[in-house]
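Visitor: Submitted below is the structure of interest, expressed as structure tokens.
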Amino acid sequence: MISGAAQGLGRAMSLAVAEFGADVVLLDLNEEGLTKTAETIRSLGRRALPIRCNVSEPEQIRAMFSQADREFGRVDFLANVAGEGILGKPEEISLADVEQTWRNLVLGRFCMCQEAGRRMLAQGRGSIVNIGSIASQSALGRSHIAYSMAMGAVIQMTRELSTEWSSAGVRVNSILPAQVVNPSLEKRMAEDPNLKTKFLSGIPTGRMGQPSDIQGLAVFLASDASSWITGAIIPMDGGNTAMNAGGTRRYPNPV
Ligand SMILES: NC(=O)c1ccc[n+]([C@@H]2O[C@H](COP(=O)([O-])OP(=O)(O)OC[C@H]3O[C@@H](n4cnc5c(N)ncnc54)[C@H](O)[C@@H]3O)[C@@H](O)[C@H]2O)c1
């Protein structure tokens, strides 16, 4: 079961696990995108169940799980990918926007974990991945206060759930991406021509992330190849968090 499956990281994860044999419940608000992902998965010979579900709304999450229970009867892997932050300067952002961001990224992910966790505990096995961000561990500035606070909570959720559930066979891990190209990031980079240069100066591999960069981790964490990996907070960031803010990446052609 993968949220945010219409595009970007969620779509890439869905296709990767399907390629390795999974039947997939696909969740998103974007029905057109969901249909496209489902069609691609079916062309790989796997089952796809696209469901329009707002993963910020517990009632929709619970109804969606009832439908998935009826159609699939079990959930082996959950990837919590969807969830948007609302930007705003710390001194200006409304508490309603802070609360909505928390609902999108913390309450929604927790409700998904709780519903999947209950089923996985009954099965005696399961794997959950909560997508965090480099903002789970360090500050981005540029009006990311609500997003960073919520993403910080996501990795503590992962550690707590891992500690509570791993002895019962349910593993919980987080992946922390740095800047992966998506439509909203492309829009922000178009508005501020210096932004891409700024990002790349902090990414030692010298390129932005692509959604496909998450595919190997998705298959690894969904499978028994990672059976002793739980509570891990895994950067997927081209070396960004390893590099000190005062460090300098090496350029292929010195500038
Ligand atoms: N792209 C990055 O640079 C980056 C970096 C770190 C963390 N992340 C996090 O990874 C996640 C996915 O990022 P992405 O780049 O794939 O984004 P994206 O914008 O390309 O895709 C997000 C998908 O989630 C869906 N969605 C949004 N809110 C939803 C909701 N409430 N219910 C159901 N579906 C919803 C959207 O319709 C969209 O299809 C986000 O939580 C994002 O904050 C992204």
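How things are named: the first chain in the structure tokens is A, the next is B, and so on; residues count from 1 in each chain; ligands count from 1 in the order shown.
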Would you list the residues that come within 7 Å of ligand 1? Count only C-alpha atoms and all ligand atoms and give the answer as a PyMOL selection string.
Guide: chain A and resi 3-10+27-30+33+53-56+81-85+104-105+131-134+176-185+211
Visitor: Can you write just those residues out, N, CA and C atoms, as a short mmCIF file (atom, residue, chain, number, x, y, z; two decimals), in the first residue's frame?
Guide:
data_model
loop_
_atom_site.label_atom_id
_atom_site.label_comp_id
_atom_site.auth_asym_id
_atom_site.auth_seq_id
_atom_site.Cartn_x
_atom_site.Cartn_y
_atom_site.Cartn_z
N SER A 3 0.95 5.55 -0.55
CA SER A 3 0.25 6.83 -0.75
C SER A 3 1.10 7.75 -1.62
N GLY A 4 0.42 8.71 -2.24
CA GLY A 4 1.13 9.61 -3.16
C GLY A 4 1.51 8.91 -4.44
N ALA A 5 0.73 7.91 -4.82
CA ALA A 5 1.12 7.00 -5.90
C ALA A 5 0.84 7.55 -7.30
N ALA A 6 0.24 8.74 -7.38
CA ALA A 6 -0.07 9.29 -8.71
C ALA A 6 1.17 9.83 -9.42
N GLN A 7 2.17 10.24 -8.65
CA GLN A 7 3.36 10.83 -9.28
C GLN A 7 4.54 10.77 -8.32
N GLY A 8 5.69 11.17 -8.82
CA GLY A 8 6.85 11.39 -7.96
C GLY A 8 7.31 10.15 -7.22
N LEU A 9 7.69 10.35 -5.95
CA LEU A 9 8.30 9.26 -5.17
C LEU A 9 7.33 8.10 -4.96
N GLY A 10 6.04 8.42 -4.73
CA GLY A 10 5.05 7.35 -4.50
C GLY A 10 4.85 6.50 -5.74
N LEU A 27 -2.79 4.96 -3.44
CA LEU A 27 -3.61 6.02 -2.84
C LEU A 27 -3.15 7.38 -3.31
N ASP A 28 -4.12 8.24 -3.59
CA ASP A 28 -3.79 9.62 -3.95
C ASP A 28 -5.10 10.40 -4.05
N LEU A 29 -4.97 11.73 -4.18
CA LEU A 29 -6.14 12.57 -4.47
C LEU A 29 -6.32 12.72 -5.98
N ASN A 30 -5.26 12.52 -6.71
CA ASN A 30 -5.24 12.73 -8.17
C ASN A 30 -5.64 11.43 -8.88
N GLY A 33 -3.83 10.56 -12.27
CA GLY A 33 -2.49 10.02 -12.04
C GLY A 33 -2.55 8.60 -11.48
N CYS A 53 -8.06 8.69 -1.88
CA CYS A 53 -8.11 8.79 -0.43
C CYS A 53 -7.29 9.99 0.01
N ASN A 54 -7.87 10.84 0.83
CA ASN A 54 -7.13 11.95 1.43
C ASN A 54 -6.46 11.42 2.70
N VAL A 55 -5.15 11.26 2.65
CA VAL A 55 -4.45 10.65 3.78
C VAL A 55 -4.23 11.63 4.94
N SER A 56 -4.87 12.79 4.88
CA SER A 56 -4.90 13.69 6.04
C SER A 56 -6.19 13.48 6.84
N VAL A 81 3.89 8.20 1.82
CA VAL A 81 4.66 9.13 0.99
C VAL A 81 3.95 10.49 0.89
N ALA A 82 2.63 10.48 0.63
CA ALA A 82 1.90 11.74 0.40
C ALA A 82 1.86 12.60 1.66
N GLY A 83 1.78 13.88 1.45
CA GLY A 83 1.62 14.80 2.58
C GLY A 83 2.33 16.10 2.31
N GLU A 84 1.60 17.19 2.34
CA GLU A 84 2.20 18.47 1.96
C GLU A 84 2.41 19.38 3.15
N GLY A 85 3.47 20.17 3.09
CA GLY A 85 3.71 21.20 4.10
C GLY A 85 3.21 22.53 3.58
N ASN A 104 -1.44 16.83 7.83
CA ASN A 104 -1.00 16.20 6.58
C ASN A 104 0.13 15.21 6.80
N LEU A 105 1.06 15.58 7.66
CA LEU A 105 2.31 14.81 7.73
C LEU A 105 2.43 13.94 8.98
N ILE A 131 8.09 8.33 4.82
CA ILE A 131 8.99 9.29 4.17
C ILE A 131 9.09 10.53 5.05
N GLY A 132 10.32 10.85 5.43
CA GLY A 132 10.60 12.11 6.12
C GLY A 132 11.24 13.05 5.12
N SER A 133 12.27 13.73 5.57
CA SER A 133 12.94 14.71 4.72
C SER A 133 14.27 15.05 5.38
N ILE A 134 15.19 15.62 4.61
CA ILE A 134 16.37 16.18 5.29
C ILE A 134 15.92 17.19 6.35
N LEU A 176 14.87 9.70 4.31
CA LEU A 176 14.91 11.17 4.32
C LEU A 176 15.49 11.69 3.01
N PRO A 177 14.63 12.06 2.06
CA PRO A 177 15.16 12.59 0.80
C PRO A 177 15.62 14.04 0.94
N ALA A 178 16.67 14.37 0.17
CA ALA A 178 16.98 15.78 -0.10
C ALA A 178 16.16 16.19 -1.32
N GLN A 179 16.61 17.18 -2.04
CA GLN A 179 15.78 17.74 -3.12
C GLN A 179 15.66 16.77 -4.29
N VAL A 180 14.43 16.26 -4.46
CA VAL A 180 14.10 15.37 -5.57
C VAL A 180 13.17 16.15 -6.50
N VAL A 181 13.51 16.16 -7.78
CA VAL A 181 12.74 16.98 -8.73
C VAL A 181 11.26 16.59 -8.72
N ASN A 182 10.39 17.57 -8.52
CA ASN A 182 8.94 17.37 -8.65
C ASN A 182 8.35 18.70 -9.11
N PRO A 183 7.06 18.73 -9.51
CA PRO A 183 6.53 19.96 -10.10
C PRO A 183 6.63 21.18 -9.19
N SER A 184 6.39 21.03 -7.88
CA SER A 184 6.42 22.23 -7.03
C SER A 184 7.85 22.74 -6.84
N LEU A 185 8.81 21.81 -6.79
CA LEU A 185 10.21 22.24 -6.68
C LEU A 185 10.66 22.93 -7.97
N PRO A 211 12.88 10.82 -8.83
CA PRO A 211 12.03 9.85 -8.13
C PRO A 211 12.57 8.41 -8.20
#
Visitor: List every residue of stretch 3-238 of chain A that DSSP, applied to the backbone of this structure, assigns to strand (DSSP E or B), and report them as number ranges by chain.
Guide: A: 3, 24-28, 48-52, 77-80, 88, 126-131, 144, 170-177, 180, 209, 233-236
Visitor: For A:Leu87, which residue among A:Thr40, A:Gly73, A:Met1, A:Ser148 is the nearest when counting only C-alpha atoms?
Guide: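 Of all the options, A:Ser148 lies closest to A:Leu87.
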Visitor: If you measure from atom CA of A:Cys113 to atom CA of A:Ser14, what distance in Å do you get, rounded to one decimal?
Guide: 17.7 Å
Visitor: Can you list, as a list of chain:residue names, every protein, DNA or RNA residue that comes within 8 Å of A:Val17 when you count only C-alpha atoms, leaving out same-chain residues fewer than 3 positions away?
Guide: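 The contact residues come out as A:Met13, A:Ser14, A:Phe20, A:Gly21, A:Ala22, A:Gln215, A:Ala218, A:Val219, A:Ala222.
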Visitor: As number ranges by chain, please: all residues of stretch 124-206 of chain A that backbone DSSP puts in alpha helix (DSSP H).
Guide: A: 145-165, 183-191, 194-201
Visitor: Restricting the output to C-alpha atoms, write the selected residues as a PDB file, in the first residue's frame.
Guide:
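Wrote it out as part-v9.pdb, contents follow:
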ATOM      1  CA  ILE A 145       8.983  25.986   9.898  1.00  0.00           C
ATOM      2  CA  ALA A 146       5.709  24.014   9.884  1.00  0.00           C
ATOM      3  CA  TYR A 147       7.105  21.385   7.495  1.00  0.00           C
ATOM      4  CA  SER A 148      10.298  20.861   9.497  1.00  0.00           C
ATOM      5  CA  MET A 149       8.469  20.552  12.812  1.00  0.00           C
ATOM      6  CA  ALA A 150       6.172  17.933  11.296  1.00  0.00           C
ATOM      7  CA  MET A 151       8.963  16.021   9.553  1.00  0.00           C
ATOM      8  CA  GLY A 152      10.914  15.963  12.816  1.00  0.00           C
ATOM      9  CA  ALA A 153       7.914  14.257  14.408  1.00  0.00           C
ATOM     10  CA  VAL A 154       7.814  11.697  11.582  1.00  0.00           C
ATOM     11  CA  ILE A 155      11.215  10.246  12.494  1.00  0.00           C
ATOM     12  CA  GLN A 156      10.303  10.039  16.194  1.00  0.00           C
ATOM     13  CA  MET A 157       7.111   8.241  15.141  1.00  0.00           C
ATOM     14  CA  THR A 158       9.282   5.777  13.223  1.00  0.00           C
ATOM     15  CA  ARG A 159      11.604   5.162  16.170  1.00  0.00           C
ATOM     16  CA  GLU A 160       8.737   4.697  18.657  1.00  0.00           C
ATOM     17  CA  LEU A 161       6.773   2.343  16.396  1.00  0.00           C
ATOM     18  CA  SER A 162       9.893   0.334  15.605  1.00  0.00           C
ATOM     19  CA  THR A 163      10.623  -0.066  19.314  1.00  0.00           C
ATOM     20  CA  GLU A 164       7.021  -1.077  20.047  1.00  0.00           C
ATOM     21  CA  TRP A 165       6.391  -3.422  17.129  1.00  0.00           C
ATOM     22  CA  PRO A 183       6.525  19.962 -10.104  1.00  0.00           C
ATOM     23  CA  SER A 184       6.420  22.228  -7.025  1.00  0.00           C
ATOM     24  CA  LEU A 185      10.212  22.236  -6.679  1.00  0.00           C
ATOM     25  CA  GLU A 186      10.581  23.005 -10.392  1.00  0.00           C
ATOM     26  CA  LYS A 187       8.192  25.948  -9.963  1.00  0.00           C
ATOM     27  CA  ARG A 188      10.191  27.307  -7.016  1.00  0.00           C
ATOM     28  CA  MET A 189      13.466  26.898  -8.943  1.00  0.00           C
ATOM     29  CA  ALA A 190      11.959  28.739 -11.925  1.00  0.00           C
ATOM     30  CA  GLU A 191      10.907  31.611  -9.641  1.00  0.00           C
ATOM     31  CA  ASN A 194      19.731  30.926  -7.618  1.00  0.00           C
ATOM     32  CA  LEU A 195      17.885  28.143  -5.841  1.00  0.00           C
ATOM     33  CA  LYS A 196      19.138  25.249  -7.979  1.00  0.00           C
ATOM     34  CA  THR A 197      22.754  26.432  -7.638  1.00  0.00           C
ATOM     35  CA  LYS A 198      22.204  26.691  -3.890  1.00  0.00           C
ATOM     36  CA  PHE A 199      20.809  23.138  -3.725  1.00  0.00           C
ATOM     37  CA  LEU A 200      23.627  21.700  -5.843  1.00  0.00           C
ATOM     38  CA  SER A 201      26.288  23.392  -3.737  1.00  0.00           C
TER      39      SER A 201
END
Visitor: With only C-alpha atoms as the counted atoms, please give the residues lying no more than 12 Å from A:Asn244, apart from itself and same-chain residues fewer than 6 positions off, as JSON, numbers by chain.
Guide: {"A": [138, 201, 202, 203, 204]}
Visitor: Ranking A:Ile175, A:Ala68, A:Ile93, A:Ala18 by minimum distance to A:Leu49 and counting only C-alpha atoms, which one comes first?
Guide: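 Ranked by minimum distance to A:Leu49, first place goes to A:Ala68.
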